[in-house]
Amino acid sequence: MTMNFRYKFLLATLMLGVSCNKFVDVALPNSQISTAAAFADDEKANSSMRGVYASTQNVWGSGPFSGMLSSCLGIASDELKCVTYNDDNQAFVDNNLTASSSGVNTIWAGLYNMLYQVNVLLENVAAAPGVSAPVKRQLLGEGHFLRAYCYFYLVNSFGDVPMPVTSDYRTNALLARLPVDKVYDLILNDLAYAQENAGTVFTEAGKRIRANKWTATALLARVQLYRKNWAEAEKQATAVIAAGPYAIDSLKNVFLLTSQEAIFQFANAGTNNYTMEGSRMTGSLTNPVFRFTTWLAGSFEAGDLRLSAWTLKASNGDTAYYKYKALNNGSNEAVVMFRLAEQYLIRAEARAQQNKLADAIADIDVIRKRAGIPLLADVNPGIAKEALLQMIYKERMTELFGEQGHRWFDVKRTGQADALYSIRKTRWRKEAILLPIPLGDRQKNPNLTQNEGYE
């Protein structure tokens, strides 16, 4: 994108790799002196891919996947509040952002920086004569997934966005925004490619920090749900649920690196086994940073075990976010980006929308059973469709709270934003459902327009 000044640095970092032991099973090269050398053979190409993954976890500061999406979108919605607010946090809470917001820029720039790395990798792996066919196929599959993943967050956060698909920063710097449907076309094509080529490795416990076929399928299920393609959402979620390697895990294990529920995780770089997500979202056991709003706290039913497993009490009595326990080095954790519980909730919603109410109830009861709350099949088997959908939305709120903006996107995609937020948010305005395009990028790119309400 138009963050031109960063590109040469990013390419250099990609070629150098990142020193850590957890992303692939091959050692990193000590140094690379050219793009060709960085993709000279299977080991070096894998190391370059490893650098892309490592960049998600605070390699260049606070990136979108190191707690920024979860925190910024959590307080922008009705699920989280902060113990204290700086000016930028206050703007998210008030839905009164400007194009100069540092949080908005972090999300935008971080996603486009990652896209640049992925496009570099896709171009060079495809052209590398020294990379074997099986490794080339896998890496290209992973790359297409990662590109789709970045665009998913961009299009749902900003609406129409520029869509660079090469590493030519001179061209990318002047790209105009493309309509949401065009971006989704690329997302769907990339995910189809990833399903076909990424393979099924990286599925066993402790090896879910690289994307594979099932990661792409999990994102495709989410995309189809957002696009209201109910039958396809059900089909893709069913494929993941039936895949075999994944299982609903105990509440205490969900966010561990060894979680059986995890489909895809981002692990911290180096020997660190804590997560930037936990450090940002909880921060302190005595004065936790992010706490529940009245509406999130009120969504939990009596006896819900998720409250004891995934929260802690602040000194003032607030219920606080506590999904990741290792705030320094402690239990071995990784940021969960996709997990099986979400796939059951996707399928439940898709089935309910198709009037498959009994099947939808069975899916939501998988989540309720683990939470230790009454099963719908027992207490309300005849629940009507609309009431069931509201129950599913509520269950998404209590299961996925604080995870990469699920609540913000759920309220938006289900058309409830104005009705809910006009009551729950003191300065809500309908234009706030999209984030502003950062000012610095618009100043560099005359073709980059602004979202309504931010001019």
# chains A, B, ... in the order shown; residues from 1 in each chain; ligands from 1
>>> residues_around(residues="Asn96 in chain A", least_positions_apart="5", cutoff="9 Å", atoms="only C-alpha atoms", output="list in words")
Gln90, Ala91, Arg427, Trp428, Arg429 and Ala432 of chain A
>>> residues_around(residues="Asp363 in chain A", least_positions_apart="5", cutoff="7 Å", atoms="only C-alpha atoms", output="list in words")
Tyr344, Leu345 and Ala348 of chain A
>>> closest_atom_pairs(of="range 58-87 of chain A", to="range 140-156 of chain A", cutoff="12 Å", atoms="only C-alpha atoms", output="Markdown table")
| residue | atom | partner | partner_atom | distance |
| --- | --- | --- | --- | --- |
| A:Pro64 | CA | A:Tyr153 | CA | 9.6 |
| A:Phe65 | CA | A:Cys150 | CA | 10.2 |
| A:Leu69 | CA | A:Tyr153 | CA | 9.1 |
| A:Ser70 | CA | A:Tyr153 | CA | 11.8 |
| A:Leu73 | CA | A:Tyr153 | CA | 11.3 |
>>> select_by_dssp(residues="range 325-365 of chain A", states="strand (DSSP E)", output="ChimeraX atom specification")
/A:335-339
>>> atom_distance(atom1="CA of Lys356 in chain A", atom2="CA of Lys385 in chain A")
9.0 Å
>>> residues_around(residues="Ser250 in chain A", least_positions_apart="6", cutoff="12 Å", atoms="only C-alpha atoms", output="ChimeraX atom specification")
/A:256,258-262,305-306,309-310,341,367,369-372
>>> write_last_selection(atoms="N, CA and C atoms", output="compact mmCIF listing (two decimals), in the first residue's frame")
# COMPACT_ATOMS: atom_id res chain seq x y z
N LEU A 256 -4.33 -23.03 24.99
CA LEU A 256 -2.97 -23.56 25.06
C LEU A 256 -2.46 -23.91 23.68
N THR A 258 -1.23 -26.59 22.89
CA THR A 258 -1.59 -28.00 22.67
C THR A 258 -3.09 -28.21 22.56
N SER A 259 -3.88 -27.17 22.45
CA SER A 259 -5.33 -27.28 22.38
C SER A 259 -5.78 -28.18 21.24
N GLN A 260 -6.65 -29.13 21.56
CA GLN A 260 -7.24 -29.98 20.53
C GLN A 260 -8.33 -29.24 19.75
N GLU A 261 -8.81 -28.15 20.33
CA GLU A 261 -9.87 -27.38 19.69
C GLU A 261 -9.33 -26.41 18.65
N ALA A 262 -8.07 -26.01 18.80
CA ALA A 262 -7.48 -25.02 17.90
C ALA A 262 -7.36 -25.57 16.49
N LEU A 305 -19.72 -21.96 33.26
CA LEU A 305 -18.34 -22.27 33.67
C LEU A 305 -17.32 -21.40 32.96
N ARG A 306 -17.71 -20.74 31.88
CA ARG A 306 -16.76 -19.87 31.18
C ARG A 306 -16.36 -18.67 32.04
N ALA A 309 -13.54 -19.95 34.18
CA ALA A 309 -12.38 -20.40 33.40
C ALA A 309 -11.70 -19.28 32.64
N TRP A 310 -12.47 -18.29 32.17
CA TRP A 310 -11.93 -17.31 31.23
C TRP A 310 -12.02 -15.87 31.73
N ALA A 341 -15.17 -24.53 18.27
CA ALA A 341 -16.42 -23.99 18.82
C ALA A 341 -17.07 -23.01 17.85
N ILE A 367 -21.86 -26.40 22.57
CA ILE A 367 -21.19 -25.30 23.26
C ILE A 367 -21.78 -25.12 24.67
N LYS A 369 -23.21 -27.38 26.54
CA LYS A 369 -22.84 -28.51 27.41
C LYS A 369 -21.48 -28.26 28.05
N ARG A 370 -20.51 -27.82 27.26
CA ARG A 370 -19.18 -27.56 27.83
C ARG A 370 -19.26 -26.43 28.85
N ALA A 371 -20.10 -25.44 28.60
CA ALA A 371 -20.23 -24.31 29.52
C ALA A 371 -20.98 -24.66 30.79
N GLY A 372 -21.58 -25.85 30.84
CA GLY A 372 -22.28 -26.28 32.04
C GLY A 372 -23.62 -25.63 32.24
>>> atom_distance(atom1="CA of Ala352 in chain A", atom2="CA of Lys228 in chain A")
12.0 Å
